[in-house]
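Heads up, work06.pdb below (PDB, C-alpha atoms):
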ATOM      1  CA  MET A   1      86.577  50.065  15.075  1.00  0.00           C
ATOM      2  CA  ALA A   2      85.889  51.217  11.530  1.00  0.00           C
ATOM      3  CA  PHE A   3      83.613  49.427   9.123  1.00  0.00           C
ATOM      4  CA  GLN A   4      83.828  49.589   5.393  1.00  0.00           C
ATOM      5  CA  CYS A   5      80.709  49.073   3.326  1.00  0.00           C
ATOM      6  CA  GLU A   6      81.419  47.104   0.229  1.00  0.00           C
ATOM      7  CA  ASP A   7      79.144  46.869  -2.730  1.00  0.00           C
ATOM      8  CA  ASP A   8      78.457  43.143  -2.838  1.00  0.00           C
ATOM      9  CA  GLU A   9      75.970  43.436  -5.686  1.00  0.00           C
ATOM     10  CA  THR A  10      77.036  41.408  -8.660  1.00  0.00           C
ATOM     11  CA  PRO A  11      75.897  42.939 -11.940  1.00  0.00           C
ATOM     12  CA  LEU A  12      73.001  41.097 -13.536  1.00  0.00           C
ATOM     13  CA  THR A  13      73.575  39.039 -16.643  1.00  0.00           C
ATOM     14  CA  GLN A  14      71.739  39.859 -19.845  1.00  0.00           C
ATOM     15  CA  GLU A  15      69.392  36.925 -19.221  1.00  0.00           C
ATOM     16  CA  GLU A  16      68.646  38.075 -15.656  1.00  0.00           C
ATOM     17  CA  GLU A  17      67.919  41.620 -16.813  1.00  0.00           C
ATOM     18  CA  ARG A  18      65.643  40.260 -19.577  1.00  0.00           C
ATOM     19  CA  MET A  19      63.805  38.146 -16.975  1.00  0.00           C
ATOM     20  CA  GLU A  20      63.231  41.249 -14.816  1.00  0.00           C
ATOM     21  CA  LEU A  21      61.891  43.133 -17.831  1.00  0.00           C
ATOM     22  CA  ASP A  22      59.627  40.197 -18.706  1.00  0.00           C
ATOM     23  CA  ILE A  23      58.227  40.133 -15.160  1.00  0.00           C
ATOM     24  CA  ASP A  24      57.505  43.876 -15.331  1.00  0.00           C
ATOM     25  CA  LYS A  25      55.992  43.458 -18.796  1.00  0.00           C
ATOM     26  CA  GLN A  26      53.574  40.769 -17.620  1.00  0.00           C
ATOM     27  CA  ALA A  27      52.565  42.829 -14.562  1.00  0.00           C
ATOM     28  CA  ILE A  28      51.752  45.792 -16.823  1.00  0.00           C
ATOM     29  CA  ILE A  29      49.752  43.603 -19.209  1.00  0.00           C
ATOM     30  CA  ASP A  30      47.850  42.074 -16.275  1.00  0.00           C
ATOM     31  CA  PHE A  31      47.083  45.512 -14.795  1.00  0.00           C
ATOM     32  CA  ALA A  32      45.834  46.883 -18.128  1.00  0.00           C
ATOM     33  CA  ALA A  33      43.670  43.771 -18.555  1.00  0.00           C
ATOM     34  CA  THR A  34      41.718  44.651 -15.399  1.00  0.00           C
ATOM     35  CA  SER A  35      40.199  47.646 -17.165  1.00  0.00           C
ATOM     36  CA  VAL A  36      36.681  47.455 -18.553  1.00  0.00           C
ATOM     37  CA  CYS A  37      34.813  49.674 -20.945  1.00  0.00           C
ATOM     38  CA  ASN A  38      31.241  50.873 -20.778  1.00  0.00           C
ATOM     39  CA  ALA A  39      29.290  54.052 -21.389  1.00  0.00           C
ATOM     40  CA  SER A  40      31.248  55.931 -18.716  1.00  0.00           C
ATOM     41  CA  THR A  41      34.780  54.795 -19.652  1.00  0.00           C
ATOM     42  CA  GLU A  42      36.977  55.495 -22.624  1.00  0.00           C
ATOM     43  CA  CYS A  43      39.153  53.040 -24.558  1.00  0.00           C
ATOM     44  CA  LYS A  44      42.735  54.209 -25.051  1.00  0.00           C
ATOM     45  CA  TYR A  45      46.063  52.840 -26.224  1.00  0.00           C
ATOM     46  CA  ILE A  46      49.731  53.519 -25.569  1.00  0.00           C
ATOM     47  CA  GLY A  47      52.989  52.379 -27.186  1.00  0.00           C
ATOM     48  CA  PHE A  48      54.544  49.528 -25.226  1.00  0.00           C
ATOM     49  CA  GLY A  49      58.160  48.462 -25.253  1.00  0.00           C
ATOM     50  CA  SER A  50      61.183  49.892 -27.003  1.00  0.00           C
ATOM     51  CA  LYS A  51      62.433  48.405 -30.257  1.00  0.00           C
ATOM     52  CA  PRO A  52      66.177  48.810 -30.829  1.00  0.00           C
ATOM     53  CA  CYS A  53      65.476  50.648 -34.118  1.00  0.00           C
ATOM     54  CA  GLY A  54      63.036  52.951 -32.310  1.00  0.00           C
ATOM     55  CA  GLY A  55      59.341  52.953 -31.610  1.00  0.00           C
ATOM     56  CA  PRO A  56      57.220  50.532 -29.583  1.00  0.00           C
ATOM     57  CA  TRP A  57      57.000  46.769 -30.023  1.00  0.00           C
ATOM     58  CA  SER A  58      53.227  46.892 -29.666  1.00  0.00           C
ATOM     59  CA  TYR A  59      50.349  48.822 -28.117  1.00  0.00           C
ATOM     60  CA  ILE A  60      48.533  48.236 -24.842  1.00  0.00           C
ATOM     61  CA  ILE A  61      44.781  48.771 -24.942  1.00  0.00           C
ATOM     62  CA  TYR A  62      43.180  49.973 -21.712  1.00  0.00           C
ATOM     63  CA  THR A  63      40.320  52.058 -20.387  1.00  0.00           C
ATOM     64  CA  THR A  64      39.870  54.941 -18.033  1.00  0.00           C
ATOM     65  CA  SER A  65      38.314  52.534 -15.503  1.00  0.00           C
ATOM     66  CA  ILE A  66      41.795  51.992 -14.015  1.00  0.00           C
ATOM     67  CA  ASP A  67      44.425  54.391 -12.672  1.00  0.00           C
ATOM     68  CA  THR A  68      45.610  55.607 -16.077  1.00  0.00           C
ATOM     69  CA  ASP A  69      48.317  57.845 -14.590  1.00  0.00           C
ATOM     70  CA  LYS A  70      49.827  54.833 -12.839  1.00  0.00           C
ATOM     71  CA  LEU A  71      49.685  52.724 -15.995  1.00  0.00           C
ATOM     72  CA  GLU A  72      51.141  55.427 -18.239  1.00  0.00           C
ATOM     73  CA  LEU A  73      54.026  56.156 -15.841  1.00  0.00           C
ATOM     74  CA  TRP A  74      54.689  52.440 -15.390  1.00  0.00           C
ATOM     75  CA  ILE A  75      54.842  51.945 -19.168  1.00  0.00           C
ATOM     76  CA  GLU A  76      57.080  54.998 -19.595  1.00  0.00           C
ATOM     77  CA  ASP A  77      59.459  53.554 -16.987  1.00  0.00           C
ATOM     78  CA  TYR A  78      59.362  50.112 -18.630  1.00  0.00           C
ATOM     79  CA  ASN A  79      59.997  51.575 -22.096  1.00  0.00           C
ATOM     80  CA  ASN A  80      63.010  53.521 -20.763  1.00  0.00           C
ATOM     81  CA  LYS A  81      64.407  50.419 -19.038  1.00  0.00           C
ATOM     82  CA  GLU A  82      64.021  48.365 -22.199  1.00  0.00           C
ATOM     83  CA  ALA A  83      65.725  51.090 -24.276  1.00  0.00           C
ATOM     84  CA  ASP A  84      68.619  51.100 -21.782  1.00  0.00           C
ATOM     85  CA  PHE A  85      68.753  47.288 -21.926  1.00  0.00           C
ATOM     86  CA  ASN A  86      68.872  47.361 -25.733  1.00  0.00           C
ATOM     87  CA  ALA A  87      71.724  49.889 -25.739  1.00  0.00           C
ATOM     88  CA  LYS A  88      73.669  48.146 -22.973  1.00  0.00           C
ATOM     89  CA  TRP A  89      73.533  44.710 -24.568  1.00  0.00           C
ATOM     90  CA  GLY A  90      73.613  45.722 -28.237  1.00  0.00           C
ATOM     91  CA  VAL A  91      70.203  44.203 -28.919  1.00  0.00           C
ATOM     92  CA  PHE A  92      68.917  44.379 -32.483  1.00  0.00           C
ATOM     93  CA  SER A  93      65.630  43.612 -34.181  1.00  0.00           C
ATOM     94  CA  ASP A  94      63.811  44.119 -37.422  1.00  0.00           C
ATOM     95  CA  CYS A  95      63.037  47.747 -38.005  1.00  0.00           C
ATOM     96  CA  SER A  96      59.379  47.237 -38.833  1.00  0.00           C
ATOM     97  CA  ILE A  97      56.923  49.691 -37.380  1.00  0.00           C
ATOM     98  CA  ALA A  98      54.150  48.527 -35.062  1.00  0.00           C
ATOM     99  CA  ASN A  99      51.052  50.313 -36.261  1.00  0.00           C
ATOM    100  CA  PRO A 100      48.694  51.731 -33.658  1.00  0.00           C
ATOM    101  CA  PRO A 101      45.024  50.813 -33.843  1.00  0.00           C
ATOM    102  CA  THR A 102      43.018  52.870 -36.326  1.00  0.00           C
ATOM    103  CA  SER A 103      40.076  52.716 -33.940  1.00  0.00           C
ATOM    104  CA  ILE A 104      38.918  50.977 -30.770  1.00  0.00           C
ATOM    105  CA  SER A 105      35.397  49.841 -30.028  1.00  0.00           C
ATOM    106  CA  CYS A 106      33.833  48.643 -26.795  1.00  0.00           C
ATOM    107  CA  GLU A 107      32.173  45.232 -27.093  1.00  0.00           C
ATOM    108  CA  ASN A 108      30.909  43.301 -24.056  1.00  0.00           C
ATOM    109  CA  ASN A 109      32.920  45.556 -21.710  1.00  0.00           C
ATOM    110  CA  VAL A 110      36.172  44.852 -23.606  1.00  0.00           C
ATOM    111  CA  CYS A 111      38.043  47.300 -25.819  1.00  0.00           C
ATOM    112  CA  ILE A 112      38.563  45.778 -29.263  1.00  0.00           C
ATOM    113  CA  PRO A 113      41.263  47.389 -31.407  1.00  0.00           C
ATOM    114  CA  VAL A 114      40.957  47.650 -35.169  1.00  0.00           C
ATOM    115  CA  PHE A 115      44.238  47.705 -37.117  1.00  0.00           C
TER     116      PHE A 115
END

Is it possible to express this structure as structure tokens?
Amino acid sequence: MAFQCEDDETPLTQEEERMELDIDKQAIIDFAATSVCNASTECKYIGFGSKPCGGPWSYIIYTTSIDTDKLELWIEDYNNKEADFNAKWGVFSDCSIANPPTSISCENNVCIPVF
């Protein structure tokens, strides 16, 4: 008896794909928020998201107190997925540029960005 495997996966709708991205986005934000700064950690930032016109939507502030390799790879993956989503669904936005922080200071174990 022969069996045929059929691909029963129905493609996700735009809304379902956006929901998946939003879930990933919140998980990344929550992970970055677990970082703390002090004399032995460094405050950093990274572009987050992919605007349809190019560049990030915003910047995530984090410290070296967490697994920065994990965070940076996770954000890179998220940014690529959002860029693919934008292209697939013809998403558009304003073409304003999100400016990175000019500096970041550590106050009460929290990195505070200055724009």

Could you tell me, as a count of residues only, exactly which residues end up selected when the PyMOL selection byres ((chain A and resi 79) around 9) is applied to this structure? 15

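Between Lys25 of chain A and the candidates A:Leu12, A:Cys37, A:Ile66, A:Leu71, the tightest atom-to-atom separation, counting all atoms listed in the file, involves A:Leu71.
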
Please identify all polymer residues within 12 Å of Phe92 of chain A, counting only C-alpha atoms, omitting same-chain residues fewer than 4 positions from it, and present them as JSON, numbers by chain. {"A": [50, 51, 52, 53, 54, 83, 85, 86, 87, 88, 96]}

Grab the atom CA of Gly55 of chain A to atom CA of Val91 of chain A distance for me, in Å with one decimal place.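 Calculated distance between atom CA of Gly55 of chain A and atom CA of Val91 of chain A is 14.2 Å.
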
I'd like the interatomic distance between atom CA of Phe115 of chain A and atom CA of Ser65 of chain A, to a tenth of an Å. 22.9 Å

Care to translate the PyMOL selection byres ((chain A and resi 110) around 10) into actual residues of this file, as a list in words?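 The output of the PyMOL selection byres ((chain A and resi 110) around 10) on this file is Ala33, Thr34, Ser35, Val36, Cys37, Asn38, Cys43, Ile61, Tyr62, Thr63, Ile104, Ser105, Cys106, Glu107, Asn108, Asn109, Cys111, Ile112 and Pro113 of chain A.
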
Gap from atom CA of Val114 of chain A to atom CA of Thr102 of chain A - Å, one decimal: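 If I compute the distance from atom CA of Val114 of chain A to atom CA of Thr102 of chain A, I get 5.7 Å.
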
Between A:Thr68, A:Gln14, A:Ser58, A:Gln26, which one has atoms that come closest to Pro101 of chain A, using all atoms listed in the file?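 Of A:Thr68, A:Gln14, A:Ser58, A:Gln26, the one nearest Pro101 of chain A is A:Ser58, counting all atoms listed in the file.
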
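The closest residue to Thr41 of chain A, picked from A:Glu17, A:Glu72, A:Asn99, A:Thr64 and counting all atoms listed in the file, is A:Thr64.
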